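Source file: start_31.json. Holds: JSON, C-alpha atoms and all ligand atoms.
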```json
[["chain", "number", "residue", "atom", "x", "y", "z"],
["A", 525, "MET", "CA", 186.58, 127.24, 131.65],
["A", 526, "THR", "CA", 188.02, 126.77, 135.10],
["A", 527, "LEU", "CA", 189.70, 129.08, 137.57],
["A", 528, "ALA", "CA", 192.49, 128.21, 139.96],
["A", 529, "THR", "CA", 191.64, 128.90, 143.60],
["A", 530, "LYS", "CA", 194.09, 129.76, 146.36],
["A", 531, "ALA", "CA", 194.07, 126.12, 147.41],
["A", 532, "GLY", "CA", 194.99, 125.12, 143.86],
["A", 533, "VAL", "CA", 191.64, 123.41, 143.19],
["A", 534, "SER", "CA", 189.96, 124.32, 139.90],
["A", 535, "GLU", "CA", 186.34, 125.39, 139.99],
["A", 536, "PRO", "CA", 184.00, 125.95, 137.03],
["A", 537, "TRP", "CA", 183.77, 129.58, 136.00],
["A", 538, "ARG", "CA", 180.58, 131.35, 137.02],
["A", 539, "PRO", "CA", 179.49, 134.90, 136.24],
["A", 540, "ALA", "CA", 179.94, 137.30, 139.11],
["A", 541, "TYR", "CA", 176.24, 138.02, 139.38],
["A", 542, "THR", "CA", 175.45, 134.46, 140.47],
["A", 543, "ASN", "CA", 177.13, 135.20, 143.76],
["A", 544, "ALA", "CA", 174.86, 138.13, 144.47],
["A", 545, "ALA", "CA", 171.93, 137.53, 146.79],
["A", 546, "ARG", "CA", 168.61, 137.66, 144.93],
["A", 547, "PRO", "CA", 166.55, 140.69, 145.83],
["A", 548, "THR", "CA", 163.69, 139.66, 148.10],
["A", 549, "ALA", "CA", 161.21, 141.53, 145.91],
["A", 550, "LEU", "CA", 162.10, 139.27, 142.97],
["A", 551, "GLU", "CA", 161.75, 136.17, 145.14],
["A", 552, "ARG", "CA", 158.27, 137.32, 146.12],
["A", 553, "GLU", "CA", 157.32, 137.96, 142.47],
["A", 554, "LEU", "CA", 158.51, 134.51, 141.41],
["A", 555, "ALA", "CA", 156.61, 132.84, 144.23],
["A", 556, "ALA", "CA", 153.36, 134.20, 142.75],
["A", 557, "PHE", "CA", 153.75, 132.01, 139.65],
["A", 558, "GLU", "CA", 152.95, 128.35, 139.42],
["A", 559, "ALA", "CA", 155.57, 126.49, 137.40],
["A", 560, "LYS", "CA", 154.10, 124.88, 134.28],
["A", 561, "SER", "CA", 155.28, 122.47, 131.59],
["A", 562, "ILE", "CA", 156.19, 124.13, 128.30],
["A", 563, "LEU", "CA", 155.70, 121.04, 126.12],
["A", 564, "VAL", "CA", 153.92, 121.92, 122.87],
["A", 565, "PRO", "CA", 152.49, 119.86, 119.99],
["A", 566, "LEU", "CA", 154.66, 119.16, 116.95],
["A", 567, "GLY", "CA", 154.19, 121.06, 113.70],
["A", 568, "GLY", "CA", 153.60, 117.96, 111.55],
["A", 569, "ALA", "CA", 151.51, 114.83, 112.10],
["A", 570, "ASP", "CA", 154.39, 112.43, 111.45],
["A", 571, "TRP", "CA", 157.13, 114.54, 113.03],
["A", 572, "GLN", "CA", 159.32, 113.29, 115.86],
["A", 573, "ARG", "CA", 160.60, 114.84, 119.06],
["A", 574, "THR", "CA", 164.27, 114.77, 119.96],
["A", 575, "SER", "CA", 165.38, 112.35, 122.65],
["A", 576, "GLY", "CA", 167.74, 114.98, 124.06],
["A", 577, "HIS", "CA", 166.51, 118.14, 125.76],
["A", 578, "THR", "CA", 169.72, 120.10, 125.32],
["A", 579, "PHE", "CA", 172.27, 120.71, 122.59],
["A", 580, "GLU", "CA", 174.73, 118.58, 124.49],
["A", 581, "THR", "CA", 172.45, 115.55, 124.88],
["A", 582, "ASN", "CA", 170.95, 115.50, 121.35],
["A", 583, "THR", "CA", 172.06, 112.43, 119.40],
["A", 584, "ALA", "CA", 173.13, 112.52, 115.74],
["A", 585, "ALA", "CA", 169.69, 111.15, 114.84],
["A", 586, "ASP", "CA", 168.07, 113.96, 116.86],
["A", 587, "TRP", "CA", 170.04, 116.54, 114.90],
["A", 588, "ALA", "CA", 168.98, 114.94, 111.62],
["A", 589, "THR", "CA", 165.36, 115.15, 112.80],
["A", 590, "ILE", "CA", 165.75, 118.81, 113.75],
["A", 591, "GLU", "CA", 167.43, 119.74, 110.45],
["A", 592, "ARG", "CA", 164.79, 117.92, 108.39],
["A", 593, "GLN", "CA", 161.76, 119.26, 110.25],
["A", 594, "SER", "CA", 163.02, 122.81, 110.74],
["A", 595, "ALA", "CA", 163.58, 123.22, 106.99],
["A", 596, "ILE", "CA", 159.90, 122.45, 106.42],
["A", 597, "TYR", "CA", 158.78, 124.42, 109.46],
["A", 598, "HIS", "CA", 160.54, 127.67, 108.58],
["A", 599, "ARG", "CA", 159.52, 127.73, 104.92],
["A", 600, "ASP", "CA", 156.08, 129.06, 105.72],
["A", 601, "ARG", "CA", 156.57, 130.02, 109.36],
["A", 602, "GLN", "CA", 158.68, 133.08, 108.65],
["A", 603, "ALA", "CA", 156.08, 134.48, 106.28],
["A", 604, "LYS", "CA", 153.26, 133.69, 108.70],
["A", 605, "GLU", "CA", 154.97, 135.29, 111.70],
["A", 606, "VAL", "CA", 156.01, 138.40, 109.78],
["A", 607, "LEU", "CA", 152.48, 138.90, 108.48],
["A", 608, "THR", "CA", 151.01, 138.29, 111.94],
["A", 609, "PHE", "CA", 153.42, 140.82, 113.44],
["A", 610, "LEU", "CA", 152.53, 143.44, 110.85],
["A", 611, "ALA", "CA", 148.79, 142.77, 111.12],
["A", 612, "ALA", "CA", 148.96, 143.21, 114.90],
["A", 613, "SER", "CA", 149.85, 146.89, 114.35],
["A", 614, "LYS", "CA", 146.79, 147.61, 112.20],
["A", 615, "ASP", "CA", 144.92, 149.68, 114.78],
["A", 616, "GLU", "CA", 147.82, 151.27, 116.60],
["A", 617, "PRO", "CA", 147.58, 155.03, 117.02],
["A", 618, "SER", "CA", 149.74, 157.48, 115.09],
["A", 619, "TYR", "CA", 152.06, 159.87, 116.90],
["A", 620, "GLY", "CA", 151.15, 162.66, 114.53],
["A", 621, "TRP", "CA", 151.20, 161.42, 110.96],
["A", 622, "GLN", "CA", 147.98, 160.99, 108.99],
["A", 623, "THR", "CA", 148.61, 157.24, 108.89],
["A", 624, "ASN", "CA", 150.07, 154.78, 111.37],
["A", 625, "ASN", "CA", 153.10, 152.59, 110.60],
["A", 626, "TYR", "CA", 150.83, 149.83, 109.29],
["A", 627, "GLY", "CA", 149.16, 152.15, 106.78],
["A", 628, "HIS", "CA", 152.54, 153.60, 105.82],
["A", 629, "SER", "CA", 153.95, 150.12, 105.18],
["A", 630, "LEU", "CA", 151.02, 149.13, 102.97],
["A", 631, "GLN", "CA", 151.19, 152.41, 101.08],
["A", 632, "THR", "CA", 154.94, 152.09, 100.48],
["A", 633, "ALA", "CA", 154.41, 148.58, 99.09],
["A", 634, "THR", "CA", 151.47, 149.71, 96.96],
["A", 635, "ARG", "CA", 153.55, 152.53, 95.47],
["A", 636, "ALA", "CA", 156.38, 150.10, 94.67],
["A", 637, "LEU", "CA", 153.96, 147.65, 93.08],
["A", 638, "ARG", "CA", 152.33, 150.36, 90.94],
["A", 639, "ASP", "CA", 155.79, 151.54, 89.86],
["A", 640, "GLY", "CA", 156.56, 148.10, 88.44],
["A", 641, "ALA", "CA", 159.09, 147.12, 91.08],
["A", 642, "ASP", "CA", 160.17, 143.49, 91.30],
["A", 643, "GLU", "CA", 158.71, 141.25, 93.98],
["A", 644, "ASP", "CA", 161.72, 141.55, 96.29],
["A", 645, "MET", "CA", 161.34, 145.34, 96.25],
["A", 646, "VAL", "CA", 157.60, 145.15, 96.96],
["A", 647, "VAL", "CA", 158.12, 142.83, 99.93],
["A", 648, "LEU", "CA", 161.04, 144.95, 101.15],
["A", 649, "SER", "CA", 158.78, 148.01, 100.90],
["A", 650, "LEU", "CA", 156.06, 146.29, 102.88],
["A", 651, "LEU", "CA", 158.46, 145.27, 105.65],
["A", 652, "HIS", "CA", 161.00, 148.10, 105.69],
["A", 653, "ASP", "CA", 159.56, 149.74, 108.82],
["A", 654, "ILE", "CA", 158.32, 146.61, 110.61],
["A", 655, "GLY", "CA", 160.73, 147.28, 113.47],
["A", 656, "GLN", "CA", 159.81, 150.95, 113.71],
["A", 657, "ASN", "CA", 158.14, 150.63, 117.11],
["A", 658, "ILE", "CA", 160.43, 148.11, 118.76],
["A", 659, "ALA", "CA", 163.77, 149.33, 117.38],
["A", 660, "PRO", "CA", 163.01, 152.93, 116.34],
["A", 661, "VAL", "CA", 166.57, 154.10, 115.77],
["A", 662, "THR", "CA", 167.90, 150.88, 114.20],
["A", 663, "HIS", "CA", 164.76, 149.68, 112.41],
["A", 664, "GLY", "CA", 166.51, 149.63, 109.01],
["A", 665, "GLU", "CA", 169.18, 147.22, 110.21],
["A", 666, "PHE", "CA", 166.48, 145.28, 112.07],
["A", 667, "CYS", "CA", 164.66, 144.57, 108.81],
["A", 668, "ALA", "CA", 167.89, 143.92, 106.91],
["A", 669, "ALA", "CA", 168.85, 141.29, 109.49],
["A", 670, "MET", "CA", 165.43, 139.68, 109.17],
["A", 671, "LEU", "CA", 165.60, 139.47, 105.37],
["A", 672, "LYS", "CA", 169.35, 138.90, 105.01],
["A", 673, "GLN", "CA", 169.09, 135.41, 103.52],
["A", 674, "PHE", "CA", 166.67, 136.48, 100.83],
["A", 675, "LEU", "CA", 167.77, 139.86, 99.42],
["A", 676, "SER", "CA", 170.63, 141.13, 97.26],
["A", 677, "ASP", "CA", 173.42, 143.17, 98.84],
["A", 678, "ASP", "CA", 172.04, 146.37, 97.27],
["A", 679, "TYR", "CA", 168.55, 145.81, 98.68],
["A", 680, "LEU", "CA", 170.00, 145.01, 102.10],
["A", 681, "TRP", "CA", 172.10, 148.18, 101.97],
["A", 682, "LEU", "CA", 169.00, 150.17, 101.05],
["A", 683, "LEU", "CA", 167.21, 148.83, 104.11],
["A", 684, "SER", "CA", 170.08, 149.62, 106.45],
["A", 685, "TYR", "CA", 170.60, 153.17, 105.16],
["A", 686, "HIS", "CA", 167.10, 154.29, 104.18],
["A", 687, "THR", "CA", 166.86, 156.16, 107.48],
["A", 688, "VAL", "CA", 169.82, 158.34, 106.48],
["A", 689, "PHE", "CA", 168.46, 158.94, 102.96],
["A", 690, "GLN", "CA", 164.99, 159.77, 104.24],
["A", 691, "ARG", "CA", 166.42, 162.84, 105.95],
["A", 692, "TYR", "CA", 167.07, 164.44, 102.55],
["A", 693, "HIS", "CA", 163.32, 164.94, 102.19],
["A", 694, "ARG", "CA", 162.85, 166.77, 105.50],
["A", 695, "PHE", "CA", 162.88, 170.14, 103.72],
["A", 696, "ASN", "CA", 161.57, 172.07, 106.69],
["A", 697, "HIS", "CA", 163.07, 170.13, 109.57],
["A", 698, "PRO", "CA", 164.92, 172.52, 111.90],
["A", 699, "THR", "CA", 167.93, 170.31, 112.68],
["A", 700, "SER", "CA", 167.97, 167.29, 110.37],
["A", 701, "ASP", "CA", 171.19, 166.59, 108.45],
["A", 702, "ARG", "CA", 169.59, 166.54, 104.98],
["A", 703, "MET", "CA", 172.88, 165.96, 103.21],
["A", 704, "GLY", "CA", 174.01, 163.12, 105.44],
["A", 705, "ARG", "CA", 173.51, 160.74, 102.54],
["A", 706, "GLU", "CA", 176.28, 162.46, 100.52],
["A", 707, "LYS", "CA", 179.04, 160.58, 102.31],
["A", 708, "PHE", "CA", 177.68, 157.47, 100.55],
["A", 709, "ARG", "CA", 177.59, 158.96, 97.04],
["A", 710, "GLY", "CA", 179.22, 156.55, 94.64],
["A", 711, "HIS", "CA", 178.01, 153.48, 96.52],
["A", 712, "PRO", "CA", 176.40, 150.99, 94.09],
["A", 713, "ALA", "CA", 173.07, 151.24, 95.93],
["A", 714, "PHE", "CA", 173.07, 155.05, 96.36],
["A", 715, "GLU", "CA", 170.68, 155.89, 93.51],
["A", 716, "LEU", "CA", 168.47, 152.91, 94.28],
["A", 717, "THR", "CA", 168.12, 153.97, 97.92],
["A", 718, "ALA", "CA", 167.47, 157.59, 96.93],
["A", 719, "TYR", "CA", 164.79, 156.42, 94.47],
["A", 720, "PHE", "CA", 163.10, 154.20, 97.08],
["A", 721, "CYS", "CA", 162.97, 157.04, 99.58],
["A", 722, "GLU", "CA", 161.68, 159.62, 97.12],
["A", 723, "LYS", "CA", 159.14, 157.52, 95.24],
["A", 724, "TYR", "CA", 157.88, 154.98, 97.78],
["A", 725, "ASP", "CA", 158.75, 155.97, 101.34],
["A", 726, "GLN", "CA", 158.81, 159.70, 102.15],
["A", 727, "ASN", "CA", 155.45, 160.20, 100.45],
["A", 728, "ALA", "CA", 153.61, 157.18, 101.88],
["A", 729, "MET", "CA", 151.60, 158.88, 104.61],
["A", 730, "GLU", "CA", 148.75, 160.05, 102.37],
["A", 731, "PRO", "CA", 145.46, 159.18, 104.07],
["A", 732, "ASP", "CA", 143.46, 159.21, 100.82],
["A", 733, "TYR", "CA", 145.92, 157.31, 98.65],
["A", 734, "PRO", "CA", 144.31, 154.12, 97.24],
["A", 735, "THR", "CA", 146.34, 151.74, 99.35],
["A", 736, "LEU", "CA", 146.04, 148.00, 98.83],
["A", 737, "PRO", "CA", 145.16, 145.83, 101.87],
["A", 738, "LEU", "CA", 147.61, 143.40, 103.46],
["A", 739, "GLU", "CA", 145.83, 140.49, 101.77],
["A", 740, "ALA", "CA", 147.06, 141.78, 98.41],
["A", 741, "PHE", "CA", 150.66, 141.11, 99.48],
["A", 742, "GLU", "CA", 150.29, 137.86, 101.42],
["A", 743, "ALA", "CA", 150.99, 135.45, 98.56],
["A", 744, "MET", "CA", 154.07, 137.51, 97.64],
["A", 745, "VAL", "CA", 155.40, 137.33, 101.20],
["A", 746, "TYR", "CA", 154.99, 133.55, 101.24],
["A", 747, "ARG", "CA", 156.77, 133.27, 97.88],
["A", 748, "PHE", "CA", 159.54, 135.53, 99.15],
["A", 749, "PHE", "CA", 160.33, 133.40, 102.20],
["A", 750, "ASN", "CA", 160.05, 130.19, 100.18],
["A", 751, "LYS", "CA", 162.87, 131.26, 97.83],
["A", 752, "GLU", "CA", 166.17, 129.47, 97.90],
["A", 753, "PRO", "CA", 168.12, 131.34, 100.61],
["A", 754, "ARG", "CA", 171.45, 132.93, 99.66],
["A", 755, "PHE", "CA", 173.11, 131.03, 102.46],
["A", 756, "VAL", "CA", 172.20, 128.66, 105.27],
["A", 757, "GLY", "CA", 173.23, 129.25, 108.83],
["A", 758, "ARG", "CA", 174.87, 132.35, 110.23],
["A", 759, "ARG", "CA", 176.90, 134.67, 108.04],
["B", 801, "FE", "FE", 162.03, 153.74, 108.01],
["B", 802, "FE", "FE", 159.11, 154.22, 105.88]]
```

Since I need it in another form, could you write the structure as structure tokens?
Amino acid sequence: MTLATKAGVSEPWRPAYTNAARPTALERELAAFEAKSILVPLGGADWQRTSGHTFETNTAADWATIERQSAIYHRDRQAKEVLTFLAASKDEPSYGWQTNNYGHSLQTATRALRDGADEDMVVLSLLHDIGQNIAPVTHGEFCAAMLKQFLSDDYLWLLSYHTVFQRYHRFNHPTSDRMGREKFRGHPAFELTAYFCEKYDQNAMEPDYPTLPLEAFEAMVYRFFNKEPRFVGRR
């Protein structure tokens, strides 16, 4: 994109902030760091690096390399990273509940498993609150976005709206809109979402419930992310 100047000469467009002088404090902070290479090893022994270092300079062969290697890379990587992220919250404190979010996640998945839910529902149950502490208000959509390639529309809807349906169970909450879910009555995933919240989620803070450890779900999570995705690329 170019802009015409008064003199009639076109200049490349730049965001306005690039014209602002950098704050001196930031310059001082940056000066404290030594610049380092960010080159990392490859994920496979016989894998190749691209010749280009940018989208614009990658050759067609580079793109073929990236497509081929990324398909292998992401098959197990998504499962590994999700499990690592969840495991990192194991010892976090609770803000009042008898369990922390990690314990709640495991208990929700255990309840789904014991109820005979299918594997998608068990994995969904395990991960439904994984964004609770980094996207508290939008954690349902956060998880739905993460699992979008691998779940049915009903299960994705459940994830996105479970926060609304959970409010129904706040019997003694002074201000919560318990009936907020009613505007969705008739939606194909209404009963499913209500069932998930009642049977697996709202009751999964019991400290003495026999909750299965994360290891019990690991193989399932790997299988889940190794499924044929519903679509490839952005949708
Ligand atoms: Fe939640
Ligand atoms: Fe939850």

List as a Markdown table every residue of chain A that is in contact with ligand FE 801 (chain B), defined as an atom at most 10 Å from one of its atoms (using only C-alpha atoms and all ligand atoms), together with the nearest atom pair and the distance in Å rounded to one decimal, sorted by chain and then rising number.
```
| residue | atom | partner | partner_atom | distance |
| --- | --- | --- | --- | --- |
| A:Asn625 | CA | B:FE801 | FE | 9.4 |
| A:His628 | CA | B:FE801 | FE | 9.7 |
| A:Ser629 | CA | B:FE801 | FE | 9.3 |
| A:Ser649 | CA | B:FE801 | FE | 9.7 |
| A:Leu651 | CA | B:FE801 | FE | 9.5 |
| A:His652 | CA | B:FE801 | FE | 6.2 |
| A:Asp653 | CA | B:FE801 | FE | 4.8 |
| A:Ile654 | CA | B:FE801 | FE | 8.4 |
| A:Gly655 | CA | B:FE801 | FE | 8.6 |
| A:Gln656 | CA | B:FE801 | FE | 6.7 |
| A:Pro660 | CA | B:FE801 | FE | 8.4 |
| A:Val661 | CA | B:FE801 | FE | 9.0 |
| A:Thr662 | CA | B:FE801 | FE | 9.0 |
| A:His663 | CA | B:FE801 | FE | 6.6 |
| A:Gly664 | CA | B:FE801 | FE | 6.2 |
| A:Glu665 | CA | B:FE801 | FE | 9.9 |
| A:Cys667 | CA | B:FE801 | FE | 9.6 |
| A:Leu683 | CA | B:FE801 | FE | 8.1 |
| A:Ser684 | CA | B:FE801 | FE | 9.2 |
| A:Tyr685 | CA | B:FE801 | FE | 9.0 |
| A:His686 | CA | B:FE801 | FE | 6.4 |
| A:Thr687 | CA | B:FE801 | FE | 5.4 |
| A:Val688 | CA | B:FE801 | FE | 9.2 |
| A:Phe689 | CA | B:FE801 | FE | 9.7 |
| A:Gln690 | CA | B:FE801 | FE | 7.7 |
| A:Cys721 | CA | B:FE801 | FE | 9.1 |
| A:Asp725 | CA | B:FE801 | FE | 7.8 |
| A:Gln726 | CA | B:FE801 | FE | 9.0 |
```

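For the pair CA of Phe720 (chain A) and CA of Phe695 (chain A), the interatomic distance is 17.3 Å.
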
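Taking CA of Ser613 (chain A) as the reference point, CA of Val745 (chain A) is found at 17.2 Å.
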
Please measure the separation of CA of Phe741 (chain A) and CA of Ala603 (chain A), giving the value in Å to one decimal.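 About the pair CA of Phe741 (chain A) and CA of Ala603 (chain A): they are 10.9 Å apart.
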
Have a look at A:Pro731, A:Gly627, A:Gly704, A:Pro737 and name the one nearest to ligand FE 802 (chain B); count only C-alpha atoms and all ligand atoms. A:Gly627

I need the residue nearest ligand FE 802 (chain B) from this list: A:Glu752, A:Glu558, A:Glu551, A:Glu722. Use only C-alpha atoms and all ligand atoms for the distance.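 Checking each candidate against ligand FE 802 (chain B), we get A:Glu722 as the closest.
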
Of the candidates A:Tyr746, A:Tyr626, A:Trp537, A:Tyr597, which one gets nearest to ligand FE 802 (chain B) if we count all atoms listed in the file?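 Of A:Tyr746, A:Tyr626, A:Trp537, A:Tyr597, the one nearest ligand FE 802 (chain B), counting all atoms listed in the file, is A:Tyr626.
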
Residue nearest Ala588 (chain A) among A:Arg573, A:Arg638, A:Pro617, A:Val756 (counting all atoms listed in the file):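 Closest residue, counting all atoms listed in the file: A:Arg573.
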
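Ranking A:Arg599, A:Arg592, A:Arg538, A:Arg635 by their shortest atom-to-atom distance to ligand FE 802 (chain B), with all atoms listed in the file included, puts A:Arg635 first.
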
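Among A:Gln622, A:Thr581, A:Ser676, A:Asn750, the residue with the shortest atom-to-atom distance to Leu648 (chain A), counting only C-alpha atoms, is A:Ser676.
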
Residues near region 732-735 of chain A, cut-off 7 Å, only C-alpha atoms, skip fewer than 5 positions along chain, as a PDB file with C-alpha atoms, in the frame of the given file:
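After the write, part-v9.pdb holds the following:
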```
ATOM      1  CA  LEU A 630     151.020 149.130 102.970  1.00  0.00           C
ATOM      2  CA  GLN A 631     151.190 152.410 101.080  1.00  0.00           C
ATOM      3  CA  THR A 634     151.470 149.710  96.960  1.00  0.00           C
TER       4      THR A 634
END
```

Write out as an NGL selection string which residues come within 10 Å of Trp681 (chain A) when counting only C-alpha atoms, dropping same-chain ones fewer than 6 positions away. :A and (664-665 or 668 or 675 or 711-714 or 716-717)

Within 10 Å of Arg747 (chain A), counting all atoms listed in the file, which residues show up once you throw out same-chain ones fewer than 4 positions away? Write them as a ChimeraX atom specification, please. /A:599-600,603,643-644,647,742-743,751
